[in-house]
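Here's entry.cif, which has mmCIF, C-alpha atoms:
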data_model
loop_
_atom_site.label_atom_id
_atom_site.label_comp_id
_atom_site.auth_asym_id
_atom_site.auth_seq_id
_atom_site.Cartn_x
_atom_site.Cartn_y
_atom_site.Cartn_z
CA MET A 224 -5.23 -27.44 32.91
CA SER A 225 -5.54 -24.99 30.07
CA ALA A 226 -4.65 -25.95 26.54
CA PRO A 227 -1.21 -24.87 25.37
CA THR A 228 -1.12 -21.62 23.48
CA PRO A 229 -0.46 -22.24 19.80
CA PRO A 230 2.63 -20.58 18.35
CA ALA A 231 2.15 -17.08 17.03
CA ARG A 232 2.06 -16.21 13.38
CA PRO A 233 5.63 -15.55 12.16
CA PRO A 234 5.38 -11.93 10.95
CA ARG A 235 9.02 -11.70 9.92
CA ALA A 236 8.80 -14.75 7.64
CA ARG A 237 5.55 -13.46 6.15
CA TRP A 238 7.10 -10.10 5.28
CA ILE A 239 10.16 -11.80 3.81
CA VAL A 240 7.89 -13.79 1.49
CA LEU A 241 6.02 -10.63 0.45
CA ALA A 242 9.31 -8.80 -0.12
CA LEU A 243 10.54 -11.62 -2.35
CA LEU A 244 7.28 -11.64 -4.31
CA PHE A 245 7.67 -7.88 -4.75
CA ALA A 246 11.22 -8.46 -6.05
CA VAL A 247 10.03 -11.15 -8.48
CA SER A 248 7.34 -8.72 -9.67
CA VAL A 249 10.00 -6.10 -10.37
CA VAL A 250 12.02 -8.64 -12.36
CA THR A 251 9.01 -9.71 -14.44
CA TYR A 252 8.54 -6.17 -15.69
CA ILE A 253 12.24 -5.58 -16.22
CA ASP A 254 12.32 -8.60 -18.50
CA ARG A 255 9.23 -7.60 -20.46
CA VAL A 256 10.00 -3.87 -20.78
CA ASN A 257 13.75 -4.02 -21.53
CA ILE A 258 13.25 -4.99 -25.18
CA ALA A 259 11.23 -1.82 -25.75
CA VAL A 260 14.40 0.13 -24.91
CA THR A 261 16.93 -2.10 -26.67
CA ALA A 262 14.81 -2.07 -29.82
CA ARG A 263 16.39 1.28 -30.62
CA GLN A 264 19.71 -0.49 -31.34
CA MET A 265 18.37 -3.97 -32.17
CA MET A 266 16.26 -2.81 -35.09
CA PRO A 267 19.04 -1.17 -37.11
CA ALA A 268 21.47 -3.93 -36.14
CA PHE A 269 19.24 -6.59 -37.69
CA GLY A 270 17.44 -4.42 -40.24
CA LEU A 271 14.06 -4.92 -38.55
CA THR A 272 11.01 -2.88 -39.56
CA ASP A 273 8.40 -1.53 -37.15
CA SER A 274 5.98 -4.22 -38.20
CA GLN A 275 8.53 -6.99 -37.64
CA MET A 276 9.37 -5.61 -34.21
CA GLY A 277 5.65 -5.46 -33.47
CA ARG A 278 5.36 -9.18 -34.21
CA ILE A 279 8.21 -9.88 -31.81
CA PHE A 280 6.47 -7.83 -29.11
CA SER A 281 3.20 -9.64 -29.77
CA ALA A 282 4.85 -13.06 -29.48
CA PHE A 283 5.55 -12.36 -25.81
CA VAL A 284 1.96 -11.27 -25.14
CA LEU A 285 0.62 -14.40 -26.84
CA GLY A 286 2.74 -16.75 -24.73
CA TYR A 287 1.95 -14.75 -21.61
CA ALA A 288 -1.81 -14.86 -22.19
CA LEU A 289 -2.08 -18.52 -23.23
CA PHE A 290 -0.21 -19.94 -20.24
CA GLN A 291 -1.80 -18.00 -17.37
CA LEU A 292 -4.22 -20.82 -16.57
CA PRO A 293 -1.66 -23.67 -16.82
CA GLY A 294 0.78 -21.65 -14.69
CA GLY A 295 -1.81 -21.13 -11.96
CA TRP A 296 -2.94 -24.76 -12.09
CA LEU A 297 0.64 -25.97 -11.66
CA GLY A 298 1.01 -23.72 -8.62
CA ASP A 299 -2.11 -25.23 -7.03
CA ARG A 300 -0.79 -28.72 -7.73
CA TRP A 301 2.93 -28.41 -6.94
CA GLY A 302 3.17 -25.29 -4.79
CA ALA A 303 4.34 -21.75 -5.48
CA ARG A 304 7.88 -22.38 -4.22
CA ARG A 305 8.81 -24.91 -6.89
CA VAL A 306 6.70 -23.54 -9.72
CA LEU A 307 7.74 -19.92 -9.28
CA THR A 308 11.41 -20.91 -8.97
CA ALA A 309 11.21 -22.93 -12.19
CA ALA A 310 9.35 -20.10 -13.92
CA VAL A 311 11.93 -17.45 -13.01
CA LEU A 312 14.78 -19.72 -14.12
CA TRP A 313 12.94 -20.44 -17.36
CA TRP A 314 12.24 -16.85 -18.33
CA SER A 315 15.72 -15.72 -17.21
CA LEU A 316 17.18 -18.25 -19.65
CA PHE A 317 15.09 -16.88 -22.50
CA THR A 318 15.88 -13.31 -21.47
CA ALA A 319 19.56 -14.11 -21.98
CA LEU A 320 18.81 -15.96 -25.23
CA THR A 321 17.15 -12.81 -26.58
CA ALA A 322 20.64 -11.31 -26.87
CA VAL A 323 21.86 -14.17 -29.10
CA ALA A 324 18.62 -15.19 -30.83
CA ALA A 325 19.95 -14.06 -34.21
CA THR A 326 22.87 -16.49 -33.95
CA LEU A 327 20.94 -19.53 -32.71
CA PRO A 328 20.50 -22.51 -35.06
CA LEU A 329 16.78 -21.66 -34.93
CA ALA A 330 17.52 -18.49 -36.91
CA ASP A 331 18.72 -20.61 -39.84
CA LEU A 332 15.33 -22.32 -39.94
CA VAL A 333 12.88 -19.46 -39.33
CA GLY A 334 15.00 -16.33 -39.80
CA ILE A 335 16.03 -13.68 -37.30
CA VAL A 336 12.50 -12.38 -36.76
CA GLY A 337 11.17 -15.90 -36.26
CA SER A 338 13.94 -16.78 -33.84
CA LEU A 339 13.37 -13.65 -31.78
CA ALA A 340 9.61 -14.26 -31.81
CA VAL A 341 10.01 -17.85 -30.58
CA VAL A 342 12.38 -16.78 -27.81
CA ARG A 343 10.04 -14.01 -26.66
CA PHE A 344 7.03 -16.33 -26.85
CA LEU A 345 8.79 -18.81 -24.56
CA LEU A 346 9.79 -15.98 -22.24
CA GLY A 347 6.10 -15.07 -22.03
CA VAL A 348 5.26 -18.70 -21.24
CA GLY A 349 7.54 -18.53 -18.21
CA GLU A 350 6.30 -15.16 -16.98
CA ALA A 351 2.70 -16.35 -17.25
CA ALA A 352 3.22 -18.39 -14.09
CA ALA A 353 4.30 -15.37 -12.03
CA LEU A 354 1.13 -13.57 -10.94
CA PRO A 355 -1.07 -16.65 -10.42
CA ASN A 356 1.65 -18.09 -8.18
CA PHE A 357 1.92 -14.79 -6.32
CA ASN A 358 -1.74 -15.36 -5.50
CA ARG A 359 -1.05 -18.97 -4.56
CA ALA A 360 1.71 -17.89 -2.15
CA VAL A 361 -0.42 -15.10 -0.65
CA ALA A 362 -3.28 -17.56 -0.11
CA ASP A 363 -0.90 -19.95 1.66
CA TRP A 364 0.85 -17.40 3.85
CA LEU A 365 -1.76 -14.78 4.73
CA ASP A 366 -5.11 -15.09 6.43
CA PRO A 367 -8.27 -13.82 4.69
CA ARG A 368 -8.04 -10.40 6.33
CA GLU A 369 -4.64 -9.70 4.75
CA ARG A 370 -4.84 -11.17 1.27
CA GLY A 371 -5.82 -8.00 -0.55
CA LEU A 372 -2.87 -6.12 0.97
CA GLY A 373 -0.55 -9.06 0.30
CA ILE A 374 -1.31 -9.33 -3.39
CA GLY A 375 -1.33 -5.53 -3.66
CA ILE A 376 2.23 -5.39 -2.33
CA ALA A 377 3.36 -8.24 -4.57
CA ILE A 378 1.88 -6.88 -7.79
CA GLY A 379 2.89 -3.32 -6.83
CA GLY A 380 6.41 -4.28 -7.89
CA ILE A 381 5.41 -3.76 -11.50
CA GLY A 382 5.42 -0.03 -10.78
CA VAL A 383 9.10 -0.15 -9.83
CA GLY A 384 10.05 -2.43 -12.71
CA SER A 385 8.22 -0.35 -15.29
CA ALA A 386 9.52 2.98 -13.97
CA LEU A 387 13.18 2.01 -13.52
CA THR A 388 13.77 -0.17 -16.55
CA PRO A 389 13.83 2.51 -19.29
CA PRO A 390 16.55 4.74 -17.77
CA VAL A 391 18.66 1.87 -16.41
CA ALA A 392 18.39 -0.19 -19.61
CA ALA A 393 19.18 2.87 -21.72
CA TRP A 394 22.32 3.58 -19.66
CA LEU A 395 23.52 -0.02 -19.99
CA MET A 396 22.77 -0.02 -23.72
CA VAL A 397 24.61 3.22 -24.40
CA ASN A 398 27.67 2.26 -22.36
CA PHE A 399 27.96 -1.49 -22.88
CA GLY A 400 25.73 -2.42 -25.84
CA TRP A 401 22.15 -3.66 -26.05
CA GLN A 402 23.03 -7.32 -25.44
CA THR A 403 24.32 -6.42 -21.96
CA VAL A 404 20.81 -5.34 -20.94
CA PHE A 405 19.52 -8.87 -21.40
CA TYR A 406 22.49 -10.49 -19.69
CA TRP A 407 22.16 -8.29 -16.61
CA SER A 408 18.39 -8.82 -16.53
CA ALA A 409 18.89 -12.59 -16.69
CA ALA A 410 21.52 -12.49 -13.93
CA LEU A 411 19.14 -10.55 -11.69
CA GLY A 412 16.46 -13.15 -12.35
CA LEU A 413 18.79 -16.00 -11.38
CA LEU A 414 19.64 -14.23 -8.13
CA ILE A 415 15.98 -13.67 -7.25
CA ALA A 416 15.10 -17.29 -8.14
CA GLY A 417 17.77 -18.54 -5.76
CA LEU A 418 16.59 -16.27 -2.94
CA TRP A 419 12.99 -17.31 -3.47
CA TYR A 420 13.77 -21.03 -3.42
CA TRP A 421 16.02 -20.66 -0.38
CA CYS A 422 13.68 -18.51 1.73
CA ALA A 423 10.14 -19.49 0.70
CA THR A 424 8.06 -22.49 1.68
CA ASP A 425 4.67 -23.65 0.49
CA HIS A 426 3.45 -24.14 4.05
CA PRO A 427 4.10 -21.46 6.68
CA PRO A 428 5.31 -22.46 10.16
CA GLN A 429 2.53 -23.64 12.46
CA ARG A 430 0.29 -20.79 13.52
CA PRO A 431 -3.20 -20.31 14.96
CA ARG A 432 -5.98 -20.66 12.40
CA THR A 433 -8.37 -17.74 12.05
CA ARG A 434 -12.13 -18.14 12.30
CA ASP A 435 -12.41 -17.84 8.50
CA GLU A 436 -9.83 -20.57 7.94
CA THR A 437 -11.28 -23.13 10.38
CA SER A 438 -14.18 -23.71 7.97
CA GLU A 439 -11.91 -24.61 5.07
CA ALA A 440 -12.32 -28.23 4.02
CA PRO A 441 -9.38 -30.48 3.10
CA PRO A 442 -8.13 -29.84 -0.42
CA PRO A 443 -9.89 -31.93 -3.07
CA ARG A 444 -7.74 -34.09 -5.31
CA ARG A 445 -9.07 -32.71 -8.57
CA THR A 446 -9.63 -29.24 -9.95
CA PRO A 447 -13.42 -28.63 -9.97
CA TRP A 448 -13.63 -27.48 -13.58
CA LYS A 449 -17.41 -27.88 -13.67
CA ALA A 450 -17.85 -25.71 -10.57
CA ILE A 451 -15.49 -23.10 -12.01
CA GLY A 452 -17.33 -23.08 -15.33
CA THR A 453 -20.79 -22.81 -13.78
CA THR A 454 -20.04 -20.07 -11.23
CA PRO A 455 -21.17 -16.73 -12.72
CA THR A 456 -18.87 -14.70 -10.45
CA VAL A 457 -15.83 -16.35 -12.06
CA TRP A 458 -16.83 -15.12 -15.51
CA TRP A 459 -17.82 -11.66 -14.32
CA LEU A 460 -14.36 -11.41 -12.74
CA VAL A 461 -12.79 -12.46 -16.04
CA LEU A 462 -14.83 -9.91 -18.02
CA SER A 463 -14.26 -7.08 -15.56
CA TYR A 464 -10.53 -7.79 -15.36
CA SER A 465 -10.40 -7.85 -19.16
CA CYS A 466 -11.56 -4.22 -19.00
CA LEU A 467 -8.72 -3.44 -16.61
CA GLY A 468 -6.29 -5.16 -18.98
CA TYR A 469 -7.42 -3.06 -21.94
CA VAL A 470 -6.81 0.18 -20.04
CA ALA A 471 -3.52 -1.00 -18.52
CA TYR A 472 -2.04 -1.75 -21.93
CA VAL A 473 -2.81 1.81 -23.05
CA TYR A 474 -0.20 2.91 -20.52
CA LEU A 475 2.23 0.13 -21.38
CA SER A 476 2.13 0.79 -25.12
CA TRP A 477 1.15 4.41 -25.86
CA PHE A 478 1.49 6.72 -22.87
CA TYR A 479 5.04 7.89 -23.61
CA LEU A 480 4.29 8.57 -27.27
CA TYR A 481 1.07 10.36 -26.29
CA LEU A 482 2.98 12.72 -23.99
CA VAL A 483 5.61 13.47 -26.65
CA ASN A 484 3.60 13.48 -29.88
CA VAL A 485 0.24 14.78 -28.66
CA ARG A 486 0.90 16.80 -25.51
CA GLY A 487 4.19 18.29 -26.72
CA PHE A 488 6.60 17.17 -24.01
CA GLY A 489 10.22 16.76 -25.09
CA GLU A 490 11.70 13.29 -25.48
CA LEU A 491 13.70 13.37 -22.23
CA ARG A 492 11.02 15.11 -20.18
CA GLY A 493 8.40 12.81 -21.66
CA ALA A 494 10.47 9.79 -20.61
CA VAL A 495 10.57 11.07 -17.03
CA PHE A 496 6.86 11.86 -16.89
CA ALA A 497 5.98 8.54 -18.52
CA SER A 498 7.10 6.87 -15.30
CA LEU A 499 4.48 8.70 -13.21
CA PRO A 500 1.63 6.22 -13.87
CA PHE A 501 3.86 3.39 -12.67
CA LEU A 502 4.89 5.29 -9.56
CA ALA A 503 1.17 5.85 -8.91
CA ILE A 504 0.68 2.10 -9.29
CA LEU A 505 3.41 1.49 -6.69
CA VAL A 506 1.41 3.55 -4.17
CA PHE A 507 -2.19 2.75 -5.09
CA CYS A 508 -1.84 -1.00 -5.58
CA PRO A 509 -1.01 -1.89 -1.94
CA LEU A 510 -3.28 0.93 -0.71
CA GLY A 511 -6.24 -0.59 -2.54
CA GLY A 512 -5.38 -4.02 -1.15
CA TRP A 513 -5.36 -2.65 2.38
CA VAL A 514 -8.67 -0.86 1.82
CA THR A 515 -10.44 -3.89 0.40
CA ASP A 516 -9.29 -6.00 3.35
CA ARG A 517 -10.61 -3.44 5.83
CA TRP A 518 -13.93 -3.14 4.00
CA ALA A 519 -14.26 -6.92 3.70
CA VAL A 520 -13.96 -7.18 7.48
CA ALA A 521 -16.38 -4.30 8.08
CA TYR A 522 -19.05 -5.06 5.46
CA GLY A 523 -18.48 -8.66 4.40
CA VAL A 524 -16.41 -10.14 1.59
CA THR A 525 -18.84 -9.43 -1.25
CA LYS A 526 -19.58 -5.81 -0.33
CA GLY A 527 -16.03 -5.05 0.77
CA ARG A 528 -14.36 -6.40 -2.37
CA GLY A 529 -17.07 -4.95 -4.60
CA ALA A 530 -16.90 -1.46 -3.08
CA ALA A 531 -13.11 -1.24 -3.56
CA GLY A 532 -13.21 -2.74 -7.05
CA MET A 533 -16.06 -0.56 -8.29
CA ALA A 534 -14.74 2.65 -6.71
CA GLY A 535 -11.28 2.24 -8.21
CA MET A 536 -12.52 1.46 -11.72
CA LEU A 537 -15.08 4.29 -11.73
CA LEU A 538 -12.55 6.82 -10.44
CA SER A 539 -10.01 5.61 -12.98
CA GLY A 540 -12.47 6.10 -15.82
CA THR A 541 -13.42 9.54 -14.53
CA VAL A 542 -9.89 10.96 -14.30
CA ILE A 543 -8.83 9.37 -17.60
CA ALA A 544 -11.78 11.06 -19.33
CA LEU A 545 -10.86 14.35 -17.67
CA GLY A 546 -7.23 13.99 -18.74
CA ALA A 547 -8.28 13.29 -22.31
CA MET A 548 -10.41 16.45 -22.54
CA VAL A 549 -8.45 19.17 -20.72
CA ASP A 550 -6.31 21.60 -22.68
CA SER A 551 -3.45 21.79 -20.18
CA ALA A 552 -0.75 19.21 -20.91
CA TRP A 553 0.32 19.21 -17.26
CA ILE A 554 -3.17 18.58 -15.91
CA ALA A 555 -3.68 15.89 -18.54
CA MET A 556 -0.46 14.17 -17.52
CA LEU A 557 -1.40 14.25 -13.83
CA CYS A 558 -4.97 13.05 -14.43
CA LEU A 559 -3.86 10.19 -16.64
CA SER A 560 -1.22 9.17 -14.10
CA LEU A 561 -3.88 9.12 -11.38
CA GLY A 562 -6.01 7.05 -13.75
CA ALA A 563 -3.37 4.32 -13.68
CA GLY A 564 -3.17 4.56 -9.90
CA TRP A 565 -6.92 4.18 -9.41
CA LEU A 566 -6.96 1.36 -11.97
CA TYR A 567 -4.48 -0.64 -9.91
CA PHE A 568 -6.19 0.35 -6.67
CA THR A 569 -8.63 -2.42 -7.62
CA VAL A 570 -6.03 -5.19 -8.04
CA GLY A 571 -6.25 -6.37 -4.43
CA ALA A 572 -10.02 -6.72 -4.71
CA TYR A 573 -9.80 -8.74 -7.94
CA TRP A 574 -7.10 -11.16 -6.86
CA ALA A 575 -8.34 -11.58 -3.29
CA SER A 576 -11.79 -12.40 -4.72
CA THR A 577 -10.37 -15.42 -6.53
CA THR A 578 -8.97 -16.65 -3.21
CA ASP A 579 -12.27 -15.91 -1.48
CA LEU A 580 -13.98 -18.12 -4.06
CA SER A 581 -11.59 -20.98 -3.32
CA LYS A 582 -8.31 -20.79 -1.45
CA THR A 583 -7.44 -24.28 -2.66
CA HIS A 584 -7.71 -23.26 -6.32
CA ALA A 585 -6.53 -19.65 -6.02
CA GLY A 586 -3.78 -20.17 -8.60
CA THR A 587 -6.10 -21.67 -11.20
CA LEU A 588 -8.82 -19.07 -10.72
CA SER A 589 -6.45 -16.11 -10.80
CA GLY A 590 -4.71 -17.56 -13.85
CA LEU A 591 -8.06 -17.75 -15.63
CA MET A 592 -8.89 -14.18 -14.59
CA ASN A 593 -5.52 -12.86 -15.75
CA THR A 594 -5.97 -14.62 -19.09
CA GLY A 595 -8.92 -12.30 -19.61
CA ALA A 596 -6.80 -9.26 -18.71
CA ASN A 597 -4.20 -10.12 -21.31
CA LEU A 598 -6.70 -10.99 -24.02
CA GLY A 599 -8.35 -7.62 -23.38
CA GLY A 600 -4.93 -6.02 -23.26
CA SER A 601 -3.94 -7.53 -26.59
CA LEU A 602 -6.60 -5.38 -28.29
CA SER A 603 -5.50 -2.11 -26.75
CA PRO A 604 -2.16 -1.45 -28.55
CA THR A 605 -3.92 -1.77 -31.93
CA VAL A 606 -7.33 -0.25 -31.19
CA THR A 607 -5.97 2.81 -29.34
CA PRO A 608 -4.04 4.35 -32.28
CA TRP A 609 -6.75 3.31 -34.76
CA LEU A 610 -9.37 5.26 -32.80
CA ALA A 611 -6.96 8.18 -32.46
CA ASP A 612 -6.29 8.25 -36.21
CA HIS A 613 -10.00 8.26 -37.08
CA TRP A 614 -11.53 10.39 -34.29
CA GLY A 615 -8.68 11.88 -32.27
CA TRP A 616 -6.98 11.10 -28.99
CA PRO A 617 -9.79 12.46 -26.78
CA VAL A 618 -12.11 9.83 -28.26
CA SER A 619 -9.48 7.10 -28.06
CA LEU A 620 -8.78 7.76 -24.40
CA GLY A 621 -12.48 8.33 -23.80
CA VAL A 622 -13.15 4.78 -24.98
CA ALA A 623 -10.56 3.52 -22.49
CA ALA A 624 -12.30 5.53 -19.78
CA LEU A 625 -15.68 4.05 -20.73
CA ILE A 626 -14.24 0.53 -20.64
CA ALA A 627 -12.92 1.21 -17.12
CA VAL A 628 -16.39 2.36 -16.04
CA LEU A 629 -18.00 -0.76 -17.55
CA GLY A 630 -15.49 -2.91 -15.68
CA GLY A 631 -16.43 -1.13 -12.48
CA LEU A 632 -20.16 -1.63 -13.00
CA MET A 633 -19.57 -5.37 -13.48
CA TRP A 634 -18.72 -5.55 -9.79
CA LEU A 635 -22.48 -5.40 -9.19
CA LYS A 636 -22.57 -9.01 -10.47
CA ILE A 637 -19.49 -10.28 -8.61
CA ASP A 638 -20.18 -12.25 -5.42
CA PRO A 639 -16.98 -13.89 -4.12
CA GLY A 640 -18.54 -14.63 -0.74
CA THR A 641 -20.60 -17.53 -2.10
CA GLY A 642 -17.65 -19.66 -3.20
CA LEU A 643 -17.64 -22.00 -6.20
CA HIS A 644 -20.98 -23.55 -7.06
CA GLY A 645 -21.18 -27.19 -6.12
CA SER A 646 -17.60 -27.32 -4.78
CA ASN A 647 -16.49 -28.28 -1.28
CA SER A 648 -13.08 -26.71 -1.63
CA GLU A 649 -13.81 -24.14 1.04
#
Taking this structure as input, can you express it in the form of structure tokens?
Amino acid sequence: MSAPTPPARPPRARWIVLALLFAVSVVTYIDRVNIAVTARQMMPAFGLTDSQMGRIFSAFVLGYALFQLPGGWLGDRWGARRVLTAAVLWWSLFTALTAVAATLPLADLVGIVGSLAVVRFLLGVGEAAALPNFNRAVADWLDPRERGLGIGIAIGGIGVGSALTPPVAAWLMVNFGWQTVFYWSAALGLLIAGLWYWCATDHPPQRPRTRDETSEAPPPRRTPWKAIGTTPTVWWLVLSYSCLGYVAYVYLSWFYLYLVNVRGFGELRGAVFASLPFLAILVFCPLGGWVTDRWAVAYGVTKGRGAAGMAGMLLSGTVIALGAMVDSAWIAMLCLSLGAGWLYFTVGAYWASTTDLSKTHAGTLSGLMNTGANLGGSLSPTVTPWLADHWGWPVSLGVAALIAVLGGLMWLKIDPGTGLHGSNSE
């Protein structure tokens, strides 16, 4: 008598989880970008200078960078369902508190700037858990042949959040006041948190195990910090992703002003065209994830991930350099937008590589990698204009292009197929 056929993988549930991760990704970027729009009314309302507003912006980045690793570790320990739900609730609370930070008792102790900085820091702490727990959920729900596409879809939501937030937030601000932007953003976060907790699970319904998954050993009780620290591929991933972070923050901090002040686009037209890199991200991020999965199957994990990661970074550097040098403002805008797309084409390869190294510790490893991206990104908003002031924007953007190329070449040292040294987690 033949053995009973195991139940099929539940594709509908899997796509629901990916759709919810995409929605959470959109919310994360709504809640980090909205203050850049509301600052137009916040600054005169509170008498804030550019430098004070810059410190408030930086407070978020600091909290976001410092808590990537703890956020991922918590996901590995407690599961993405609970940790991501708590994280969204946490940062939604502090999104709402941004609107009233000046009236909190904290403002009496540290002033308005200090109160806003603390609130934004704590918002960053909550958002730090998002992407590592996306990776944790993708590792739990998708087999090895789909993880690049899965994380590409999830992280691709940042393109929607970054592109839609400026016009929507500006409309709300003009019609209902800047505080309303934060209240609506917080309400959206609460809705998404409820949907995620209701629909997601940490363990998918029973399904057949793939050949790659049958070799996975039972999860160890402790995080193998020694194995993580002594595996060269981990640190090459961190360094290479730091290069990606530097270039990404050029777009997040300076692209709009570059189009308006340097390339001569009007304020409204510049605002529309400034969304093009993020629309490119929306397309290229899942595309790159799909490509790296196909190449990993065809050529092996190490060659497949490396080929996608290196190609995307090298192409990104190439078109960014071209955009920096051409005279035509339109060609420059298109090249630089493609540069963002090719940059995020590599995201699936990076994040899937952390899961290839150890599915059990995917949250911890991706949190460590994303710490590097945000430390690298923290340099970009300051270094980019400094280089432009001293040597011009072609040089400044050329440096970003060179950093992208260096990040691509680092894939020659990345070998996710070997797993963590001395660890039996896979």
Problem - Picked residues, the PyMOL selection byres ((chain A and resi 381) around 9), expected as an MDAnalysis selection string - result: chainID A and resid 245 248:253 377:380 382:386 501 504:505
Exercise for the section: Counting only C-alpha atoms, select every polymer residue within 10 Å of (-0.8, -20.8, -18.4) as defined in the file's coordinates, and provide the selection as a PyMOL selection string. Expected result: chain A and resi 286-297+347-353+355+587+590-591+593-594
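For A:Phe344, the set of protein, DNA and RNA residues having any atom at most 9 Å away, when counting all atoms listed in the file and skipping those fewer than 6 positions along the same chain, is Ile279, Phe280, Ser281, Ala282, Phe283, Val284, Leu285, Gly286 and Tyr287 of chain A.
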Practice task
Quick one: everything within 12 Å of A:Asp273, counting all atoms listed in the file, minus sequence neighbours fewer than 4 positions away in the same chain. Send it as a PyMOL selection string.
Solution key: chain A and resi 259+262-263+265-267+269+277-280+336
Problem - For atom CA of A:Met592 and atom CA of A:Arg359, the interatomic separation in Å (one decimal) - result: 13.6 Å
Fill in the blank from the handout: One decimal place gives the atom CA of A:Leu580-atom CA of A:Pro639 separation as 5.2 Å
Practice task
Return as number ranges by chain the set of residues that the PyMOL selection byres ((chain A and resi 534) around 12) yields on the displayed structure.
Solution key: A: 511, 514-515, 526-533, 535-541, 565-570, 572, 627-635
Go through stretch 520-587 of chain A residue by residue and, counting only C-alpha atoms, keep those with an atom at most 12 Å from stretch 487-492 of chain A; for each kept residue give the shortest atom pair and its distance in Å to one decimal, ordered by chain and increasing number, as CSV.
residue,atom,partner,partner_atom,distance
A:Asp550,CA,A:Gly487,CA,11.7
A:Ser551,CA,A:Gly487,CA,10.6
A:Ala552,CA,A:Gly487,CA,7.7
A:Trp553,CA,A:Phe488,CA,9.4
A:Ala555,CA,A:Gly487,CA,11.6
A:Met556,CA,A:Phe488,CA,10.0
Exercise for the section: Given the file shown, determine the residues that the PyMOL selection byres ((chain A and resi 361) around 12) selects; report them as number ranges by chain. Expected result: A: 237-245, 298, 302-304, 354-360, 362-378, 423-427, 571, 574-575, 577-579, 582-583, 585-586, 589
Exercise for the section: Could you tell me how far atom CA of A:Gly400 lies from atom CA of A:Trp314, in Å and to one decimal? Expected result: 21.1 Å
